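Containing mmCIF, C-alpha atoms: entry-v8.cif.
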data_my_file
#
loop_
_atom_site.label_atom_id
_atom_site.label_comp_id
_atom_site.auth_asym_id
_atom_site.auth_seq_id
_atom_site.Cartn_x
_atom_site.Cartn_y
_atom_site.Cartn_z
CA MET A 1 -16.99 16.03 2.13
CA LEU A 2 -16.12 13.20 -0.22
CA ASN A 3 -16.74 15.39 -3.27
CA TYR A 4 -14.43 18.05 -1.83
CA LEU A 5 -11.67 15.51 -1.26
CA LEU A 6 -12.13 14.18 -4.78
CA LYS A 7 -11.53 17.65 -6.20
CA HIS A 8 -8.10 17.59 -4.56
CA LYS A 9 -7.56 13.83 -4.84
CA SER A 10 -3.91 13.92 -5.92
CA ILE A 11 -2.87 16.18 -3.04
CA VAL A 12 -4.90 14.14 -0.54
CA ILE A 13 -3.33 10.84 -1.57
CA VAL A 14 0.21 12.24 -1.62
CA LEU A 15 -0.31 13.65 1.87
CA ALA A 16 -1.90 10.38 3.02
CA VAL A 17 1.23 8.54 1.87
CA LEU A 18 3.81 10.96 3.20
CA LEU A 19 2.46 12.41 6.46
CA PRO A 20 2.06 9.13 8.42
CA ARG A 21 5.45 7.95 7.23
CA ILE A 22 7.15 11.22 8.14
CA ALA A 23 5.50 11.08 11.57
CA TRP A 24 6.70 7.49 12.01
CA PHE A 25 10.23 8.41 10.95
CA ILE A 26 10.28 11.34 13.39
CA TYR A 27 8.95 9.13 16.18
CA LEU A 28 11.78 6.66 15.56
CA GLY A 29 14.25 9.52 15.89
CA GLY A 30 15.93 8.62 12.62
CA TYR A 31 16.68 5.06 13.72
CA PHE A 32 15.47 1.82 12.20
CA PRO A 33 12.61 -0.01 13.92
CA GLU A 34 13.05 -3.04 16.14
CA PRO A 35 13.42 -5.99 15.91
CA PRO A 36 16.30 -5.53 13.45
CA ARG A 37 15.68 -8.78 11.53
CA ASP A 38 17.70 -8.86 8.26
CA GLN A 39 18.25 -5.11 7.98
CA SER A 40 21.97 -5.27 8.72
CA ILE A 41 22.51 -7.77 5.90
CA TYR A 42 20.78 -5.61 3.29
CA LEU A 43 22.52 -2.46 4.52
CA ARG A 44 25.94 -4.12 4.34
CA LEU A 45 25.27 -5.54 0.88
CA ALA A 46 24.09 -2.14 -0.37
CA GLY A 47 27.15 -0.48 1.11
CA ARG A 48 29.48 -2.91 -0.63
CA ILE A 49 27.74 -2.40 -3.97
CA ALA A 50 27.95 1.36 -3.52
CA THR A 51 31.70 1.12 -2.91
CA GLY A 52 32.30 -1.12 -5.92
CA GLU A 53 32.63 -4.43 -4.08
CA GLY A 54 29.61 -5.95 -5.82
CA LEU A 55 27.04 -8.31 -4.31
CA SER A 56 29.19 -10.03 -1.72
CA PHE A 57 29.61 -10.40 2.03
CA SER A 58 32.48 -8.78 3.86
CA GLU A 59 34.91 -10.67 6.03
CA ASP A 60 33.87 -8.67 9.09
CA LEU A 61 30.25 -9.88 8.68
CA GLY A 62 31.48 -13.46 8.84
CA TRP A 63 33.33 -12.72 12.07
CA LEU A 64 30.32 -10.84 13.46
CA LYS A 65 27.98 -13.76 12.86
CA ASN A 66 30.57 -16.10 14.34
CA PHE A 67 30.80 -13.91 17.45
CA ARG A 68 27.01 -13.71 17.83
CA ALA A 69 26.39 -17.40 17.24
CA GLY A 70 24.24 -19.02 19.88
CA GLU A 71 25.26 -21.89 22.08
CA THR A 72 23.19 -24.58 20.35
CA SER A 73 24.89 -26.94 17.93
CA LEU A 74 22.60 -25.86 15.11
CA GLU A 75 23.42 -22.18 15.48
CA THR A 76 27.15 -22.78 15.63
CA ALA A 77 26.93 -25.13 12.64
CA TRP A 78 26.18 -22.35 10.16
CA SER A 79 27.94 -19.55 12.03
CA GLY A 80 30.98 -21.40 13.36
CA ASP A 81 33.23 -20.74 10.39
CA PRO A 82 33.85 -16.98 9.98
CA ASP A 83 34.97 -17.56 6.39
CA TYR A 84 31.38 -18.40 5.43
CA VAL A 85 28.11 -16.52 5.93
CA PHE A 86 25.07 -18.75 6.61
CA GLY A 87 27.60 -21.60 6.64
CA MET A 88 27.55 -21.68 2.85
CA VAL A 89 28.60 -18.35 1.28
CA PRO A 90 32.34 -17.60 1.14
CA VAL A 91 33.14 -14.08 2.30
CA GLU A 92 34.71 -11.53 -0.04
CA THR A 93 33.45 -13.39 -3.12
CA PRO A 94 30.46 -12.77 -5.43
CA THR A 95 27.28 -14.39 -4.14
CA ALA A 96 23.84 -15.33 -5.42
CA SER A 97 22.53 -16.17 -1.97
CA LEU A 98 20.10 -13.23 -1.90
CA GLU A 99 18.19 -11.30 -4.53
CA ALA A 100 20.24 -8.45 -5.97
CA GLY A 101 17.42 -5.98 -6.64
CA TYR A 102 16.95 -4.36 -3.25
CA PRO A 103 20.64 -4.02 -2.34
CA ALA A 104 21.28 -2.52 -5.80
CA ILE A 105 18.60 0.19 -5.65
CA LEU A 106 19.46 0.89 -2.01
CA ALA A 107 23.09 1.31 -3.07
CA LEU A 108 21.93 3.81 -5.68
CA MET A 109 20.12 5.76 -2.97
CA PHE A 110 23.28 5.68 -0.86
CA LEU A 111 25.23 7.20 -3.74
CA ILE A 112 22.62 9.95 -4.05
CA ALA A 113 21.76 10.69 -0.42
CA GLY A 114 24.56 8.99 1.50
CA PRO A 115 24.41 5.83 3.65
CA THR A 116 21.75 7.12 6.03
CA THR A 117 18.41 5.97 7.41
CA GLY A 118 16.92 8.89 5.48
CA ALA A 119 17.95 7.23 2.21
CA VAL A 120 16.04 4.08 3.18
CA PHE A 121 13.01 6.12 4.21
CA PHE A 122 13.10 8.16 0.98
CA LEU A 123 13.34 5.02 -1.16
CA ASN A 124 10.40 3.38 0.58
CA CYS A 125 8.32 6.55 0.25
CA ILE A 126 8.95 6.68 -3.50
CA PHE A 127 7.63 3.16 -3.88
CA ALA A 128 4.69 3.87 -1.55
CA LEU A 129 3.66 6.73 -3.84
CA LEU A 130 4.02 4.40 -6.83
CA GLY A 131 1.87 1.74 -5.15
CA ALA A 132 -0.88 4.22 -4.21
CA TRP A 133 -0.89 5.63 -7.75
CA ALA A 134 -1.08 2.16 -9.36
CA LEU A 135 -3.92 1.11 -7.06
CA TRP A 136 -5.77 4.33 -7.86
CA ARG A 137 -5.41 3.79 -11.61
CA MET A 138 -6.52 0.17 -11.43
CA MET A 139 -9.60 0.98 -9.37
CA GLU A 140 -10.53 4.03 -11.44
CA GLU A 141 -10.25 2.19 -14.75
CA ASN A 142 -12.27 -0.78 -13.55
CA TRP A 143 -14.67 0.30 -10.80
CA GLY A 144 -14.93 4.08 -10.62
CA GLU A 145 -13.37 7.25 -9.24
CA ARG A 146 -14.86 7.12 -5.74
CA GLN A 147 -13.82 3.53 -5.25
CA ALA A 148 -10.33 4.44 -6.50
CA PHE A 149 -10.01 7.29 -4.04
CA LEU A 150 -11.17 5.26 -1.03
CA ALA A 151 -8.95 2.28 -1.89
CA ALA A 152 -5.86 4.45 -2.41
CA LEU A 153 -6.58 6.35 0.81
CA ILE A 154 -6.95 3.19 2.92
CA TRP A 155 -3.86 1.67 1.30
CA SER A 156 -1.81 4.83 1.95
CA ILE A 157 -2.56 5.07 5.68
CA TYR A 158 -2.81 1.34 6.41
CA PRO A 159 -0.83 0.96 9.68
CA TYR A 160 1.00 -2.21 8.61
CA TYR A 161 2.26 -0.54 5.45
CA VAL A 162 3.33 2.61 7.30
CA TYR A 163 5.18 0.49 9.85
CA TYR A 164 7.31 -1.34 7.28
CA SER A 165 8.10 1.86 5.38
CA ALA A 166 10.94 2.47 7.85
CA TYR A 167 12.51 -0.97 7.51
CA ALA A 168 15.66 -1.48 5.43
CA MET A 169 14.23 -4.66 3.94
CA THR A 170 12.30 -5.70 0.86
CA ASP A 171 8.81 -5.66 2.41
CA SER A 172 7.80 -2.08 1.63
CA ILE A 173 8.80 -2.34 -2.03
CA HIS A 174 7.13 -5.75 -2.32
CA ILE A 175 3.90 -4.26 -0.94
CA SER A 176 4.10 -1.35 -3.38
CA LEU A 177 4.93 -3.27 -6.55
CA LEU A 178 2.06 -5.73 -6.29
CA PRO A 179 -0.66 -3.14 -7.12
CA LEU A 180 1.40 -2.08 -10.13
CA ILE A 181 1.64 -5.68 -11.36
CA MET A 182 -2.08 -6.24 -10.82
CA TRP A 183 -3.03 -3.05 -12.66
CA LEU A 184 -0.75 -3.61 -15.66
CA THR A 185 -1.86 -7.23 -16.04
CA ILE A 186 -5.58 -6.41 -15.93
CA ARG A 187 -4.95 -3.52 -18.30
CA SER A 188 -3.17 -5.76 -20.79
CA SER A 189 -6.10 -8.20 -20.73
CA LYS A 190 -8.27 -5.46 -22.25
CA GLY A 191 -6.11 -5.11 -25.32
CA ILE A 192 -4.10 -2.19 -23.98
CA ARG A 193 -0.42 -2.75 -24.68
CA SER A 194 0.70 -3.34 -21.13
CA GLY A 195 1.91 -6.92 -21.45
CA PHE A 196 5.58 -6.02 -21.70
CA PRO A 197 5.44 -3.43 -18.86
CA ALA A 198 3.57 -5.97 -16.72
CA GLY A 199 6.39 -8.44 -17.35
CA ILE A 200 9.00 -5.82 -16.51
CA ALA A 201 7.21 -5.03 -13.23
CA SER A 202 6.99 -8.74 -12.34
CA GLY A 203 10.64 -9.29 -13.25
CA PHE A 204 11.70 -6.31 -11.16
CA LEU A 205 9.77 -7.67 -8.18
CA PHE A 206 11.40 -11.06 -8.76
CA LEU A 207 14.84 -9.45 -8.42
CA ILE A 208 13.67 -8.08 -5.07
CA ARG A 209 11.66 -11.06 -3.80
CA SER A 210 12.25 -14.28 -5.73
CA THR A 211 8.89 -15.81 -4.79
CA ALA A 212 7.42 -13.45 -7.41
CA VAL A 213 8.46 -16.04 -10.00
CA LEU A 214 5.24 -17.84 -9.09
CA LEU A 215 3.20 -14.81 -10.14
CA LEU A 216 4.26 -15.20 -13.75
CA PRO A 217 2.28 -18.43 -14.45
CA LEU A 218 -0.76 -16.86 -12.79
CA GLN A 219 -0.52 -13.78 -14.98
CA MET A 220 -0.07 -15.86 -18.13
CA VAL A 221 -3.02 -18.13 -17.31
CA TYR A 222 -5.21 -15.05 -16.80
CA LEU A 223 -4.17 -13.56 -20.13
CA LEU A 224 -4.63 -16.86 -21.94
CA PHE A 225 -8.07 -17.18 -20.35
CA LYS A 226 -8.84 -13.76 -21.83
CA LYS A 227 -7.52 -15.05 -25.18
CA LYS A 228 -4.54 -12.68 -25.16
CA TRP A 229 -1.84 -15.16 -26.09
CA LYS A 230 0.33 -12.55 -27.84
CA THR A 231 0.10 -10.35 -24.78
CA SER A 232 1.15 -13.28 -22.60
CA LEU A 233 4.27 -13.67 -24.75
CA PHE A 234 5.09 -9.99 -24.28
CA LEU A 235 4.59 -10.50 -20.54
CA LEU A 236 7.07 -13.37 -20.59
CA ALA A 237 9.49 -11.29 -22.66
CA GLY A 238 9.37 -8.42 -20.17
CA PHE A 239 10.02 -10.77 -17.28
CA THR A 240 12.91 -12.38 -19.13
CA VAL A 241 14.52 -9.03 -19.94
CA CYS A 242 14.74 -8.30 -16.21
CA CYS A 243 16.15 -11.72 -15.35
CA VAL A 244 18.80 -12.06 -18.07
CA PRO A 245 21.38 -9.70 -16.48
CA TRP A 246 21.06 -11.54 -13.16
CA VAL A 247 21.47 -14.98 -14.75
CA VAL A 248 24.38 -13.87 -16.94
CA ARG A 249 26.10 -12.29 -13.96
CA ASN A 250 25.79 -15.54 -12.00
CA GLN A 251 27.14 -17.56 -14.93
CA ILE A 252 30.19 -15.29 -15.08
CA GLU A 253 30.80 -14.97 -11.34
CA LEU A 254 29.69 -18.38 -10.04
CA GLY A 255 30.03 -20.54 -13.14
CA SER A 256 26.32 -21.39 -13.24
CA PRO A 257 23.23 -19.53 -14.54
CA VAL A 258 21.60 -19.40 -11.10
CA LEU A 259 18.06 -18.00 -11.17
CA LEU A 260 16.77 -18.52 -7.62
CA PRO A 261 18.81 -17.36 -4.59
CA THR A 262 20.92 -20.14 -3.12
CA LYS A 263 19.93 -19.23 0.45
CA GLY A 264 16.55 -20.78 -0.32
CA SER A 265 18.05 -24.17 0.49
CA LEU A 266 18.90 -23.02 4.02
CA ASN A 267 15.39 -21.60 4.47
CA LEU A 268 13.84 -24.88 3.27
CA TRP A 269 15.89 -26.86 5.75
CA MET A 270 15.29 -24.49 8.65
CA ARG A 271 11.52 -24.06 8.27
CA ASN A 272 10.85 -27.77 8.73
CA ASN A 273 13.41 -28.44 11.44
CA PRO A 274 11.62 -29.00 14.80
CA GLU A 275 14.51 -27.65 16.83
CA ILE A 276 14.59 -24.40 14.87
CA ILE A 277 10.84 -23.82 14.70
CA ALA A 278 10.73 -24.39 18.46
CA MET A 279 12.87 -21.25 18.79
CA GLU A 280 10.06 -19.42 16.96
CA GLY A 281 7.44 -20.66 19.42
CA ILE A 282 6.04 -23.57 17.39
CA VAL A 283 5.90 -26.57 19.74
CA LEU A 284 5.03 -29.89 18.16
CA PRO A 285 2.50 -32.20 19.83
CA ARG A 286 3.90 -35.37 21.30
CA TRP A 287 2.43 -37.65 18.64
CA ILE A 288 4.11 -35.63 15.88
CA GLU A 289 7.43 -35.42 17.73
CA ASP A 290 7.53 -39.16 18.37
CA GLY A 291 6.79 -39.97 14.73
CA ILE A 292 9.67 -38.00 13.17
CA ASN A 293 11.78 -40.09 10.79
CA ARG A 294 15.37 -39.63 9.61
CA ARG A 295 16.49 -37.48 12.53
CA ASP A 296 20.00 -37.67 11.13
CA LEU A 297 18.87 -35.15 8.50
CA LEU A 298 18.16 -32.59 11.23
CA THR A 299 21.85 -32.04 11.84
CA TYR A 300 23.62 -29.45 9.75
CA PRO A 301 25.56 -31.34 7.07
CA SER A 302 29.32 -31.47 7.07
CA MET A 303 30.75 -29.10 4.50
CA ASP A 304 34.29 -30.48 4.58
CA GLY A 305 35.81 -30.42 1.13
CA LEU A 306 33.02 -28.22 -0.26
CA SER A 307 34.29 -24.70 -0.83
CA SER A 308 31.81 -23.17 -3.28
CA GLU A 309 28.46 -21.62 -2.47
CA LEU A 310 26.64 -23.74 -5.05
CA GLU A 311 28.04 -27.03 -3.69
CA ARG A 312 27.08 -26.15 -0.13
CA SER A 313 23.64 -24.95 -1.14
CA SER A 314 23.01 -28.12 -3.15
CA ILE A 315 23.84 -30.51 -0.32
CA LEU A 316 21.68 -28.52 2.10
CA SER A 317 18.78 -28.47 -0.37
CA GLU A 318 19.00 -32.22 -0.87
CA ARG A 319 18.98 -32.83 2.88
CA ALA A 320 15.92 -30.58 3.32
CA LYS A 321 13.99 -32.39 0.57
CA GLN A 322 14.86 -35.82 1.96
CA PHE A 323 13.61 -34.82 5.40
CA ILE A 324 10.31 -33.46 4.02
CA PHE A 325 9.63 -36.62 2.01
CA ALA A 326 10.50 -38.77 5.03
CA ASN A 327 8.05 -36.83 7.23
CA PRO A 328 4.88 -35.98 5.27
CA VAL A 329 2.74 -35.87 8.43
CA LEU A 330 5.06 -33.32 10.04
CA PHE A 331 5.12 -31.25 6.85
CA LEU A 332 1.32 -31.32 6.60
CA TYR A 333 0.97 -30.34 10.26
CA LEU A 334 3.40 -27.43 9.86
CA SER A 335 1.56 -26.33 6.71
CA VAL A 336 -1.70 -26.14 8.67
CA ILE A 337 0.02 -24.15 11.42
CA ARG A 338 1.55 -21.77 8.88
CA PHE A 339 -1.86 -21.42 7.19
CA GLY A 340 -3.26 -20.20 10.50
CA MET A 341 -0.31 -17.89 11.07
CA PHE A 342 -0.79 -16.39 7.61
CA ILE A 343 -4.44 -15.40 8.03
CA SER A 344 -4.19 -14.63 11.73
CA PRO A 345 -4.54 -10.99 12.86
CA VAL A 346 -1.46 -11.39 15.08
CA GLY A 347 1.97 -12.95 14.81
CA GLY A 348 5.59 -12.44 13.86
CA THR A 349 7.13 -8.98 14.14
CA LEU A 350 3.63 -7.54 14.52
CA ASP A 351 2.87 -9.50 17.67
CA ASN A 352 2.49 -6.53 20.03
CA PRO A 353 -0.56 -4.87 21.66
CA ILE A 354 -0.86 -2.08 19.08
CA PHE A 355 -0.82 -4.36 16.07
CA ILE A 356 -3.01 -6.94 17.76
CA LEU A 357 -5.58 -4.15 18.03
CA VAL A 358 -4.97 -3.16 14.39
CA GLY A 359 -5.40 -6.78 13.37
CA PHE A 360 -8.77 -7.14 15.01
CA LEU A 361 -10.15 -3.68 14.21
CA LEU A 362 -8.87 -3.28 10.63
CA TYR A 363 -7.56 -6.50 9.14
CA LEU A 364 -10.40 -8.80 10.23
CA PRO A 365 -13.16 -6.52 8.81
CA LEU A 366 -11.17 -6.26 5.57
CA LEU A 367 -10.89 -10.04 5.47
CA VAL A 368 -14.61 -10.60 6.11
CA PHE A 369 -15.85 -7.88 3.74
CA GLY A 370 -13.27 -8.81 1.12
CA VAL A 371 -14.13 -12.51 1.10
CA ILE A 372 -17.87 -11.76 0.94
CA GLU A 373 -17.40 -9.44 -2.02
CA MET A 374 -15.05 -11.78 -3.86
CA ILE A 375 -17.60 -14.57 -3.52
CA ARG A 376 -20.35 -12.26 -4.76
CA ARG A 377 -18.26 -11.15 -7.75
CA ARG A 378 -16.89 -14.62 -8.48
CA ARG A 379 -17.96 -14.31 -12.13
CA ASP A 380 -15.84 -11.20 -12.59
CA SER A 381 -12.57 -12.39 -14.13
CA ARG A 382 -10.73 -9.42 -12.66
CA ILE A 383 -11.81 -10.30 -9.13
CA LEU A 384 -10.92 -13.93 -9.71
CA PHE A 385 -7.48 -12.83 -10.84
CA LEU A 386 -6.93 -10.63 -7.79
CA GLY A 387 -8.30 -13.28 -5.45
CA SER A 388 -5.87 -15.76 -7.01
CA PHE A 389 -3.01 -13.54 -5.84
CA PHE A 390 -4.22 -13.91 -2.26
CA LEU A 391 -4.70 -17.67 -2.58
CA LEU A 392 -1.27 -18.09 -4.20
CA TYR A 393 0.47 -16.29 -1.34
CA LEU A 394 -1.61 -18.24 1.19
CA LEU A 395 -0.59 -21.57 -0.35
CA MET A 396 3.02 -20.55 -0.89
CA HIS A 397 3.57 -19.44 2.68
CA SER A 398 1.61 -22.31 4.17
CA LEU A 399 4.17 -24.59 2.57
CA ALA A 400 7.18 -22.44 3.41
CA HIS A 401 6.88 -19.73 6.04
CA GLY A 402 3.80 -18.40 7.81
CA GLY A 403 3.25 -15.13 9.61
CA VAL A 404 1.43 -11.84 9.13
CA ARG A 405 4.45 -10.19 7.53
CA TYR A 406 4.23 -12.42 4.47
CA ARG A 407 0.53 -11.70 3.95
CA LEU A 408 0.90 -7.93 3.81
CA PRO A 409 1.49 -7.57 0.03
CA VAL A 410 -1.78 -9.34 -0.80
CA GLU A 411 -3.81 -7.44 1.78
CA THR A 412 -4.12 -5.02 -1.13
CA VAL A 413 -6.61 -7.55 -2.55
CA LEU A 414 -8.67 -7.37 0.64
CA ILE A 415 -8.62 -3.56 0.52
CA ILE A 416 -9.88 -3.59 -3.08
CA ALA A 417 -12.66 -6.10 -2.41
CA SER A 418 -13.70 -4.36 0.83
CA VAL A 419 -13.98 -1.01 -0.95
CA LEU A 420 -16.22 -2.63 -3.56
CA PHE A 421 -18.28 -4.11 -0.72
CA ILE A 422 -18.62 -0.71 0.97
CA SER A 423 -19.43 1.10 -2.27
CA ARG A 424 -22.18 -1.40 -3.03
CA LYS A 425 -23.65 -1.14 0.45
CA PHE A 426 -23.68 2.65 0.27
CA LYS A 427 -24.94 2.53 -3.33
CA TRP A 428 -22.10 4.59 -4.81
CA VAL A 429 -22.80 2.91 -8.11
CA GLU A 430 -26.02 1.64 -9.61
CA GLU A 431 -26.48 -2.11 -9.57
CA ASN A 432 -26.51 -2.34 -13.33
CA ASN A 433 -23.17 -0.52 -13.48
CA ALA A 434 -21.42 -2.76 -10.96
CA CYS A 435 -18.98 -3.92 -13.65
CA ILE A 436 -19.56 -7.62 -12.99
CA GLN A 437 -18.38 -9.56 -16.01
#
What would you get if you wrote out this structure as structure tokens?
Amino acid sequence: MLNYLLKHKSIVIVLAVLLPRIAWFIYLGGYFPEPPRDQSIYLRLAGRIATGEGLSFSEDLGWLKNFRAGETSLETAWSGDPDYVFGMVPVETPTASLEAGYPAILALMFLIAGPTTGAVFFLNCIFALLGAWALWRMMEENWGERQAFLAALIWSIYPYYVYYSAYAMTDSIHISLLPLIMWLTIRSSKGIRSGFPAGIASGFLFLIRSTAVLLLPLQMVYLLFKKKWKTSLFLLAGFTVCCVPWVVRNQIELGSPVLLPTKGSLNLWMRNNPEIIAMEGIVLPRWIEDGINRRDLLTYPSMDGLSSELERSSILSERAKQFIFANPVLFLYLSVIRFGMFISPVGGTLDNPIFILVGFLLYLPLLVFGVIEMIRRRRDSRILFLGSFFLLYLLMHSLAHGGVRYRLPVETVLIIASVLFISRKFKWVEENNACIQ
């Protein structure tokens, strides 16, 4: 059976990518999935780019957020003024609050296919095919054809990945680009001229999800470890080429060469604010609650006299940092909680009976098998590199924002390691050809 599928591997993988996603799209009836999360923001930004307004928020979005503001003082603080989105971004002006990559390519799809849910679905499917192909190539070049087929097949039909393929957010593209980055980086470590393309891929992901900036040092360390210092420079050059237009645009429009999105300051302040995390179901124990210092920093700062996005972002960032340094015990406690949320089989938008079942029946075995195999192959520099991706995301989101959703891109690592575990157990390759370096 496996040999038959391998003869038609390309068709099988394409169908494995498309059929579950088409079925999911049909089931949704052409609508976006719930909960809506940040979909409306990305859709509105893409629409404005498509109509020539550039990366900016419309005045009606400011009024909408003002109208929907909750009754708590914190919610009204950043939604009370309809002239500002998130309490810091002036409406109808260029913004660097969010990454430009996803709204820009979604706007391109809108120009081609119209502003429809089908355009979002089509875009996500294109990247899903790219991700499956990149994973296939990486596995085939490093561990064999059968392993490549099984890994690409599991990745293509993985329920979490199918689920997010209908969302008008960055998750599906993030999930799909990571295998491409992994493949090109490992390829370039072998002397194949993939350093510049690997940098381009990483830079492109950065423009979609800014946390990808942390992948660059990891890639460069891996290449330097493999004594590919020239390749590491090409990697850096590729990344820089992607970032230059964004930085130049921000210098022209905002008067500063902003690299990271300014909304990060709001996220930093929110994710360590006890009142806000309580809304997400994280209740602090009494001994932590009683020991909180500098409670004055928990109030949203006054923005009187501050009109620009950069000024407002800066004051919010400073307040967030001061609160973290004043409360190291709270920050450590929240990091432990977020660590658990990251590796947990349940949580976040996937906290429903179906995905709880998926978490226990699929994710947990992948986690167990993957960790076992990564430990066994700990002398393989390629496995160490891939495992470092998982650890980087684990650390990053333990410090910032936990939840299953943020782990999904690096579950690719678990799929790869689990396939190697299965192939070894079923003796698909001889022991002396196991490719352990």
Which polymer residues have any atom within 12 Å of an atom of Pro285 (chain A), counting only C-alpha atoms, with same-chain residues fewer than 3 positions away left out, as a VMD selection string? chain A and resid 274 278 282 288 to 292 329 to 330 333 to 334 337
Which polymer residues, whether protein, DNA or RNA, lie within 12 Å of the coordinate (18.8, -29.2, -5.4) when you count all atoms listed in the file? List them as a PyMOL selection string, using the chain letters and numbers from the file. chain A and resi 258+260-266+268-269+310-322
Output C-alpha atoms for every residue in that selection, as a PDB file, in the frame of the given file.
ATOM      1  CA  VAL A 258      21.600 -19.400 -11.100  1.00  0.00           C
ATOM      2  CA  LEU A 260      16.770 -18.520  -7.620  1.00  0.00           C
ATOM      3  CA  PRO A 261      18.810 -17.360  -4.590  1.00  0.00           C
ATOM      4  CA  THR A 262      20.920 -20.140  -3.120  1.00  0.00           C
ATOM      5  CA  LYS A 263      19.930 -19.230   0.450  1.00  0.00           C
ATOM      6  CA  GLY A 264      16.550 -20.780  -0.320  1.00  0.00           C
ATOM      7  CA  SER A 265      18.050 -24.170   0.490  1.00  0.00           C
ATOM      8  CA  LEU A 266      18.900 -23.020   4.020  1.00  0.00           C
ATOM      9  CA  LEU A 268      13.840 -24.880   3.270  1.00  0.00           C
ATOM     10  CA  TRP A 269      15.890 -26.860   5.750  1.00  0.00           C
ATOM     11  CA  LEU A 310      26.640 -23.740  -5.050  1.00  0.00           C
ATOM     12  CA  GLU A 311      28.040 -27.030  -3.690  1.00  0.00           C
ATOM     13  CA  ARG A 312      27.080 -26.150  -0.130  1.00  0.00           C
ATOM     14  CA  SER A 313      23.640 -24.950  -1.140  1.00  0.00           C
ATOM     15  CA  SER A 314      23.010 -28.120  -3.150  1.00  0.00           C
ATOM     16  CA  ILE A 315      23.840 -30.510  -0.320  1.00  0.00           C
ATOM     17  CA  LEU A 316      21.680 -28.520   2.100  1.00  0.00           C
ATOM     18  CA  SER A 317      18.780 -28.470  -0.370  1.00  0.00           C
ATOM     19  CA  GLU A 318      19.000 -32.220  -0.870  1.00  0.00           C
ATOM     20  CA  ARG A 319      18.980 -32.830   2.880  1.00  0.00           C
ATOM     21  CA  ALA A 320      15.920 -30.580   3.320  1.00  0.00           C
ATOM     22  CA  LYS A 321      13.990 -32.390   0.570  1.00  0.00           C
ATOM     23  CA  GLN A 322      14.860 -35.820   1.960  1.00  0.00           C
TER      24      GLN A 322
END
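Compared by their closest atoms to Trp229 (chain A), and using all atoms listed in the file, the residues A:Asn352, A:Thr116, A:Ser189, A:Ser388 rank with A:Ser189 nearest.
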To test your reading of the syntax: which residues would the PyMOL selection byres ((chain A and resi 16-30) around 12) return for the file shown? Reply as a ChimeraX atom specification. /A:5,9-15,31-34,116-133,149-167,172,176
Could you please take those selected residues and save C-alpha atoms as an mmCIF file, in the coordinates of the input?
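Saved to out06.cif:
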data_model
loop_
_atom_site.group_PDB
_atom_site.id
_atom_site.type_symbol
_atom_site.label_atom_id
_atom_site.label_comp_id
_atom_site.auth_asym_id
_atom_site.auth_seq_id
_atom_site.Cartn_x
_atom_site.Cartn_y
_atom_site.Cartn_z
ATOM 1 C CA LEU A 5 -11.670 15.510 -1.260
ATOM 2 C CA LYS A 9 -7.560 13.830 -4.840
ATOM 3 C CA SER A 10 -3.910 13.920 -5.920
ATOM 4 C CA ILE A 11 -2.870 16.180 -3.040
ATOM 5 C CA VAL A 12 -4.900 14.140 -0.540
ATOM 6 C CA ILE A 13 -3.330 10.840 -1.570
ATOM 7 C CA VAL A 14 0.210 12.240 -1.620
ATOM 8 C CA LEU A 15 -0.310 13.650 1.870
ATOM 9 C CA TYR A 31 16.680 5.060 13.720
ATOM 10 C CA PHE A 32 15.470 1.820 12.200
ATOM 11 C CA PRO A 33 12.610 -0.010 13.920
ATOM 12 C CA GLU A 34 13.050 -3.040 16.140
ATOM 13 C CA THR A 116 21.750 7.120 6.030
ATOM 14 C CA THR A 117 18.410 5.970 7.410
ATOM 15 C CA GLY A 118 16.920 8.890 5.480
ATOM 16 C CA ALA A 119 17.950 7.230 2.210
ATOM 17 C CA VAL A 120 16.040 4.080 3.180
ATOM 18 C CA PHE A 121 13.010 6.120 4.210
ATOM 19 C CA PHE A 122 13.100 8.160 0.980
ATOM 20 C CA LEU A 123 13.340 5.020 -1.160
ATOM 21 C CA ASN A 124 10.400 3.380 0.580
ATOM 22 C CA CYS A 125 8.320 6.550 0.250
ATOM 23 C CA ILE A 126 8.950 6.680 -3.500
ATOM 24 C CA PHE A 127 7.630 3.160 -3.880
ATOM 25 C CA ALA A 128 4.690 3.870 -1.550
ATOM 26 C CA LEU A 129 3.660 6.730 -3.840
ATOM 27 C CA LEU A 130 4.020 4.400 -6.830
ATOM 28 C CA GLY A 131 1.870 1.740 -5.150
ATOM 29 C CA ALA A 132 -0.880 4.220 -4.210
ATOM 30 C CA TRP A 133 -0.890 5.630 -7.750
ATOM 31 C CA PHE A 149 -10.010 7.290 -4.040
ATOM 32 C CA LEU A 150 -11.170 5.260 -1.030
ATOM 33 C CA ALA A 151 -8.950 2.280 -1.890
ATOM 34 C CA ALA A 152 -5.860 4.450 -2.410
ATOM 35 C CA LEU A 153 -6.580 6.350 0.810
ATOM 36 C CA ILE A 154 -6.950 3.190 2.920
ATOM 37 C CA TRP A 155 -3.860 1.670 1.300
ATOM 38 C CA SER A 156 -1.810 4.830 1.950
ATOM 39 C CA ILE A 157 -2.560 5.070 5.680
ATOM 40 C CA TYR A 158 -2.810 1.340 6.410
ATOM 41 C CA PRO A 159 -0.830 0.960 9.680
ATOM 42 C CA TYR A 160 1.000 -2.210 8.610
ATOM 43 C CA TYR A 161 2.260 -0.540 5.450
ATOM 44 C CA VAL A 162 3.330 2.610 7.300
ATOM 45 C CA TYR A 163 5.180 0.490 9.850
ATOM 46 C CA TYR A 164 7.310 -1.340 7.280
ATOM 47 C CA SER A 165 8.100 1.860 5.380
ATOM 48 C CA ALA A 166 10.940 2.470 7.850
ATOM 49 C CA TYR A 167 12.510 -0.970 7.510
ATOM 50 C CA SER A 172 7.800 -2.080 1.630
ATOM 51 C CA SER A 176 4.100 -1.350 -3.380
#
